[in-house]
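Beneath this line is the structure, given in structure tokens, with notes to follow.
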Amino acid sequence: MTIRTILVDDESLAIQGLQLRLQAHEDVEIVETCTNGREAIRAIKTHKPDLVFLDIQMPGFDGFSVVQGMMEVEPPLFIFVTAYSDHAIRAFEAQAVDYLMKPVEEGRLADALDRVRQRLTEKRQVQEVEKLREVLAEVAPQAMTDFAATEDGAPASNRFEKLINIKDRGQIFRVDVDSIERIDAAGDYMCIYTADNSLILRETMKDLEKRLDPRNFQRVHRSTIVNLSQVRQVKPHTNGECFLVLESGAQVKVSRSYRDVVARFVH
């Protein structure tokens with residue numbers, strides 16, 4: 001699998017340094033380099049790369065403007081590369097795969113590329129399944145029905161995890177999923193709260209949701225997942241919103257978009 005990549009930075013030395021570090025990764029193919037945001041948008045639309053290393057502070061269109069410019073097309077994966085740490089939260093809100101500080105460390109770069117490979121593999125698997133669905137629907141409708149039934153009928157016990165390994169602060173914690181109270185997201189970082197601990201997991205909310213049983217874990221806000229078995233009280237709030245009071249006493253806001261989650265507690 002080749003990772004077709006574009007580098008964007010207004011400093012030529014920064015691009016050269018990144019090119020040198022990427023030479024150690026044989027599956028990375030640099031298809032173009034750009035020195036500003038406008039060039040980057042044109043290059044992305046032309047080459048349709050898998051990955052873009054993107055500087056944030058550039059004259060004219062900054063890195064975030066480039067991401068916004070991709071709204072009308074299927075965007076590539078982005079890794080922000082910057083000399084300033086104060087943009088980190090906004091970068092993850094923009095769904096960046098990672099956020100690297102200059103000068104880029106080889107170890108951090110390798111970790112970021114591993115995450116890119118995982119994302120691309122998952123994306124291609126989904127695309128292959130969709131292609132199979134289309135072919136089956138056209139040439140063998142009954143087979144398509146059987147295929148869907150096989151997917152939907154997978155045993156619940158095999159589909160969701162009971163333990164999650166979390167590497168945090170140089171240690172690996174084995175967390176019992178049932179002990180998780182809530183999960184808050186900031187880009188590709190998940191803050192996992194249990195009764196007696198809080199841990200940081202580097203994973204997207206979308207990917208983490210696939211690992212959790214939806215009968216117990218539900219999103220109640222764009223960036224929050226709650227373990228429903230930990231809910232002890234529902235407190236109405238204004239504008240159709242409400243708060244869930246958890247076993248620990250913590251309160252979690254439920255936005256209007258997720259009010260149906262609360263319905264199961266009041267009927």
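Letters A, B, ... go to the chains of the structure tokens in the order shown; residues in each chain start at 1; ligands are counted from 1 in the same order.
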
Would you give me, as CSV, each residue of stretch 31-98 of chain A having an atom within 10 Å of an atom of stretch 108-119 of chain A, along with its shortest atom pair and that distance in Å to one decimal, using only C-alpha atoms and sorting by chain and residue number?
residue,atom,partner,partner_atom,distance
A:Asp50,CA,A:Val116,CA,8.8
A:Leu51,CA,A:Val116,CA,7.8
A:Leu77,CA,A:Val116,CA,7.4
A:Phe78,CA,A:Val116,CA,9.0
A:Ile79,CA,A:Ala112,CA,7.8
A:Val97,CA,A:Val116,CA,6.9
A:Asp98,CA,A:Ala112,CA,6.0

Out of stretch 14-233 of chain A, which residues get helix (DSSP H, G or I) from DSSP, as JSON, numbers by chain? {"A": [14, 15, 16, 17, 18, 19, 20, 21, 22, 37, 38, 39, 40, 41, 42, 43, 44, 45, 46, 47, 63, 64, 65, 66, 67, 68, 85, 86, 87, 88, 89, 90, 91, 92, 93, 106, 107, 108, 109, 110, 111, 112, 113, 114, 115, 116, 117, 118, 119, 120, 121, 122, 123, 124, 125, 126, 127, 128, 129, 130, 131, 132, 133, 134, 135, 136, 137, 138, 139, 141, 142, 143, 144, 145, 146, 147, 148, 149, 150, 151, 152, 156, 157, 158, 159, 177, 178, 179, 205, 206, 207, 208, 209, 210, 211, 228, 229, 230]}

Which residues, written as a count of residues only, have at least one atom at most 6 Å from A:Gly37, with only C-alpha atoms counted and residues fewer than 4 positions away on the same chain left out? 3

I want to know what sits within 9 Å of A:Val73, based on only C-alpha atoms, with residues of the same chain fewer than 3 positions away left out; could you give that as a list of chain:residue names? A:Lys45, A:Gly69, A:Met70

Counting only C-alpha atoms, the option among A:Arg42, A:Arg219, A:Lys206, A:Lys162 closest to A:Ile183: A:Arg219

Would you give me, as a ChimeraX atom specification, the residues in stretch 164-198 of chain A that DSSP reads as strand (DSSP E)? /A:164-168,171-176,180-186,189-194,198

Two-atom distance - atom CA of A:Ile3, atom CA of A:Gly187 (Å):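 Atom CA of A:Ile3 sits 21.9 Å away from atom CA of A:Gly187.
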
Counting only C-alpha atoms, what is within 10 Å of A:Cys34, bar same-chain residues fewer than 4 positions away, as an MDAnalysis selection string? chainID A and resid 6:12 15 38:43 54

Need to verify the contact set: A:Ser257, 9 Å, only C-alpha atoms, exclusion of same-chain residues closer than 2 positions in sequence. Can you return it as a list in words?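 These residues fall inside the cut-off: Val220, His221, Arg222, Glu241, Val254, Ser255, Arg259 and Asp260 of chain A.
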
Selected residues, N, CA and C atoms, written as a PDB file, in the first residue's frame, please.
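Result file follows (again02.pdb):
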ATOM      1  N   VAL A 220     -24.044  10.985  23.755  1.00  0.00           N
ATOM      2  CA  VAL A 220     -25.069  11.912  24.232  1.00  0.00           C
ATOM      3  C   VAL A 220     -24.734  13.348  23.846  1.00  0.00           C
ATOM      4  N   HIS A 221     -23.583  13.505  23.224  1.00  0.00           N
ATOM      5  CA  HIS A 221     -23.121  14.802  22.754  1.00  0.00           C
ATOM      6  C   HIS A 221     -22.136  14.524  21.629  1.00  0.00           C
ATOM      7  N   ARG A 222     -21.866  15.513  20.800  1.00  0.00           N
ATOM      8  CA  ARG A 222     -20.949  15.318  19.677  1.00  0.00           C
ATOM      9  C   ARG A 222     -19.601  14.772  20.129  1.00  0.00           C
ATOM     10  N   GLU A 241     -32.508  20.411  26.273  1.00  0.00           N
ATOM     11  CA  GLU A 241     -31.320  19.688  26.713  1.00  0.00           C
ATOM     12  C   GLU A 241     -31.541  19.180  28.129  1.00  0.00           C
ATOM     13  N   VAL A 254     -26.568  16.419  27.823  1.00  0.00           N
ATOM     14  CA  VAL A 254     -27.109  15.744  26.639  1.00  0.00           C
ATOM     15  C   VAL A 254     -27.636  16.819  25.693  1.00  0.00           C
ATOM     16  N   SER A 255     -27.095  16.901  24.503  1.00  0.00           N
ATOM     17  CA  SER A 255     -27.554  17.903  23.556  1.00  0.00           C
ATOM     18  C   SER A 255     -28.882  17.472  22.928  1.00  0.00           C
ATOM     19  N   ARG A 259     -31.442  13.530  22.204  1.00  0.00           N
ATOM     20  CA  ARG A 259     -32.489  13.383  23.221  1.00  0.00           C
ATOM     21  C   ARG A 259     -33.101  11.992  23.238  1.00  0.00           C
ATOM     22  N   ASP A 260     -33.057  11.282  22.095  1.00  0.00           N
ATOM     23  CA  ASP A 260     -33.652   9.952  22.062  1.00  0.00           C
ATOM     24  C   ASP A 260     -32.948   8.995  23.003  1.00  0.00           C
TER      25      ASP A 260
END

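Using only C-alpha atoms for every distance, the candidate list A:Glu181, A:Ala186, A:Arg256, A:Leu246 yields A:Glu181 as the residue closest to A:Asn227.
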
Contacts of A:Leu199 at 12 Å or less, counting only C-alpha atoms, minus same-chain residues fewer than 4 places along, as a list in words? Ile164, Asn165, Ile166, Lys167, Asp168, Arg169, Gly170, Gln171, Ile172, Phe173, Arg174, Val175, Ile180, Glu181, Arg182, Ile183, Asp184, Ala185, Tyr189, Met190, Cys191, Ile192, Tyr193, Thr194 and Ala195 of chain A

Would you write out those residues with N, CA and C atoms, as a PDB file, in the first residue's frame?
ATOM      1  N   ILE A 164     -10.054  -3.092  27.323  1.00  0.00           N
ATOM      2  CA  ILE A 164      -9.348  -2.197  26.406  1.00  0.00           C
ATOM      3  C   ILE A 164      -7.982  -1.893  26.982  1.00  0.00           C
ATOM      4  N   ASN A 165      -6.946  -2.091  26.175  1.00  0.00           N
ATOM      5  CA  ASN A 165      -5.592  -1.748  26.594  1.00  0.00           C
ATOM      6  C   ASN A 165      -5.320  -0.289  26.254  1.00  0.00           C
ATOM      7  N   ILE A 166      -4.889   0.484  27.247  1.00  0.00           N
ATOM      8  CA  ILE A 166      -4.627   1.909  27.058  1.00  0.00           C
ATOM      9  C   ILE A 166      -3.203   2.210  27.492  1.00  0.00           C
ATOM     10  N   LYS A 167      -2.412   2.731  26.560  1.00  0.00           N
ATOM     11  CA  LYS A 167      -1.053   3.148  26.881  1.00  0.00           C
ATOM     12  C   LYS A 167      -1.080   4.616  27.269  1.00  0.00           C
ATOM     13  N   ASP A 168      -0.749   4.897  28.513  1.00  0.00           N
ATOM     14  CA  ASP A 168      -0.830   6.267  29.019  1.00  0.00           C
ATOM     15  C   ASP A 168       0.289   6.467  30.040  1.00  0.00           C
ATOM     16  N   ARG A 169       0.982   7.599  29.901  1.00  0.00           N
ATOM     17  CA  ARG A 169       2.061   7.951  30.827  1.00  0.00           C
ATOM     18  C   ARG A 169       3.114   6.845  30.933  1.00  0.00           C
ATOM     19  N   GLY A 170       3.416   6.221  29.820  1.00  0.00           N
ATOM     20  CA  GLY A 170       4.466   5.207  29.786  1.00  0.00           C
ATOM     21  C   GLY A 170       4.053   3.863  30.340  1.00  0.00           C
ATOM     22  N   GLN A 171       2.775   3.682  30.687  1.00  0.00           N
ATOM     23  CA  GLN A 171       2.290   2.413  31.216  1.00  0.00           C
ATOM     24  C   GLN A 171       1.137   1.903  30.358  1.00  0.00           C
ATOM     25  N   ILE A 172       0.881   0.606  30.442  1.00  0.00           N
ATOM     26  CA  ILE A 172      -0.251   0.014  29.747  1.00  0.00           C
ATOM     27  C   ILE A 172      -1.296  -0.410  30.780  1.00  0.00           C
ATOM     28  N   PHE A 173      -2.481   0.159  30.677  1.00  0.00           N
ATOM     29  CA  PHE A 173      -3.571  -0.140  31.600  1.00  0.00           C
ATOM     30  C   PHE A 173      -4.587  -1.041  30.891  1.00  0.00           C
ATOM     31  N   ARG A 174      -5.002  -2.105  31.564  1.00  0.00           N
ATOM     32  CA  ARG A 174      -6.048  -2.980  31.038  1.00  0.00           C
ATOM     33  C   ARG A 174      -7.347  -2.593  31.733  1.00  0.00           C
ATOM     34  N   VAL A 175      -8.215  -1.940  30.976  1.00  0.00           N
ATOM     35  CA  VAL A 175      -9.426  -1.362  31.554  1.00  0.00           C
ATOM     36  C   VAL A 175     -10.642  -2.229  31.236  1.00  0.00           C
ATOM     37  N   ILE A 180     -15.940   1.685  32.727  1.00  0.00           N
ATOM     38  CA  ILE A 180     -15.854   3.014  32.113  1.00  0.00           C
ATOM     39  C   ILE A 180     -17.151   3.782  32.374  1.00  0.00           C
ATOM     40  N   GLU A 181     -17.010   4.991  32.867  1.00  0.00           N
ATOM     41  CA  GLU A 181     -18.168   5.824  33.181  1.00  0.00           C
ATOM     42  C   GLU A 181     -18.568   6.688  31.993  1.00  0.00           C
ATOM     43  N   ARG A 182     -17.591   7.364  31.413  1.00  0.00           N
ATOM     44  CA  ARG A 182     -17.853   8.216  30.245  1.00  0.00           C
ATOM     45  C   ARG A 182     -16.559   8.400  29.465  1.00  0.00           C
ATOM     46  N   ILE A 183     -16.706   8.896  28.249  1.00  0.00           N
ATOM     47  CA  ILE A 183     -15.564   9.118  27.361  1.00  0.00           C
ATOM     48  C   ILE A 183     -15.743  10.477  26.705  1.00  0.00           C
ATOM     49  N   ASP A 184     -14.735  11.327  26.835  1.00  0.00           N
ATOM     50  CA  ASP A 184     -14.760  12.642  26.193  1.00  0.00           C
ATOM     51  C   ASP A 184     -13.726  12.677  25.071  1.00  0.00           C
ATOM     52  N   ALA A 185     -14.083  13.308  23.964  1.00  0.00           N
ATOM     53  CA  ALA A 185     -13.209  13.318  22.791  1.00  0.00           C
ATOM     54  C   ALA A 185     -12.643  14.702  22.528  1.00  0.00           C
ATOM     55  N   TYR A 189      -7.885  12.102  20.313  1.00  0.00           N
ATOM     56  CA  TYR A 189      -7.589  11.727  21.690  1.00  0.00           C
ATOM     57  C   TYR A 189      -8.896  11.487  22.437  1.00  0.00           C
ATOM     58  N   MET A 190      -8.966  10.375  23.165  1.00  0.00           N
ATOM     59  CA  MET A 190     -10.127  10.062  23.984  1.00  0.00           C
ATOM     60  C   MET A 190      -9.713  10.068  25.457  1.00  0.00           C
ATOM     61  N   CYS A 191     -10.468  10.788  26.275  1.00  0.00           N
ATOM     62  CA  CYS A 191     -10.237  10.764  27.722  1.00  0.00           C
ATOM     63  C   CYS A 191     -11.226   9.771  28.323  1.00  0.00           C
ATOM     64  N   ILE A 192     -10.696   8.666  28.857  1.00  0.00           N
ATOM     65  CA  ILE A 192     -11.509   7.579  29.401  1.00  0.00           C
ATOM     66  C   ILE A 192     -11.624   7.752  30.916  1.00  0.00           C
ATOM     67  N   TYR A 193     -12.846   7.898  31.418  1.00  0.00           N
ATOM     68  CA  TYR A 193     -13.063   8.083  32.852  1.00  0.00           C
ATOM     69  C   TYR A 193     -13.649   6.816  33.462  1.00  0.00           C
ATOM     70  N   THR A 194     -13.016   6.331  34.517  1.00  0.00           N
ATOM     71  CA  THR A 194     -13.581   5.273  35.352  1.00  0.00           C
ATOM     72  C   THR A 194     -13.828   5.872  36.732  1.00  0.00           C
ATOM     73  N   ALA A 195     -14.293   5.060  37.671  1.00  0.00           N
ATOM     74  CA  ALA A 195     -14.615   5.577  39.004  1.00  0.00           C
ATOM     75  C   ALA A 195     -13.387   6.134  39.708  1.00  0.00           C
TER      76      ALA A 195
END

Give me, as a Markdown table, the closest atom pair and its distance (Å, one decimal) for every residue of stretch 32-79 of chain A within a cut-off of 12 Å of stretch 17-22 of chain A, counting only C-alpha atoms, rows sorted by chain and rising number.
| residue | atom | partner | partner_atom | distance |
| --- | --- | --- | --- | --- |
| A:Glu32 | CA | A:Gln19 | CA | 10.9 |
| A:Thr33 | CA | A:Gln19 | CA | 9.6 |
| A:Val52 | CA | A:Leu18 | CA | 11.9 |
| A:Phe53 | CA | A:Leu18 | CA | 9.0 |
| A:Leu54 | CA | A:Leu18 | CA | 11.1 |
| A:Asp55 | CA | A:Leu18 | CA | 11.5 |

Restricting the output to N, CA and C atoms, write the selected residues as a short mmCIF file (atom, residue, chain, number, x, y, z; two decimals), in the first residue's frame.
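And here is the file that came out, selection.cif:
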data_model
loop_
_atom_site.label_atom_id
_atom_site.label_comp_id
_atom_site.auth_asym_id
_atom_site.auth_seq_id
_atom_site.Cartn_x
_atom_site.Cartn_y
_atom_site.Cartn_z
N GLU A 32 3.80 15.83 -4.42
CA GLU A 32 4.00 17.26 -4.67
C GLU A 32 4.32 17.97 -3.36
N THR A 33 5.00 19.09 -3.47
CA THR A 33 5.24 19.97 -2.33
C THR A 33 4.65 21.34 -2.66
N VAL A 52 -1.76 14.52 3.74
CA VAL A 52 -1.14 15.83 3.58
C VAL A 52 -0.49 16.22 4.90
N PHE A 53 0.81 16.52 4.85
CA PHE A 53 1.50 17.14 5.98
C PHE A 53 1.32 18.64 5.81
N LEU A 54 0.70 19.30 6.79
CA LEU A 54 0.22 20.66 6.60
C LEU A 54 0.72 21.60 7.69
N ASP A 55 1.48 22.61 7.29
CA ASP A 55 1.87 23.67 8.22
C ASP A 55 0.63 24.49 8.56
#
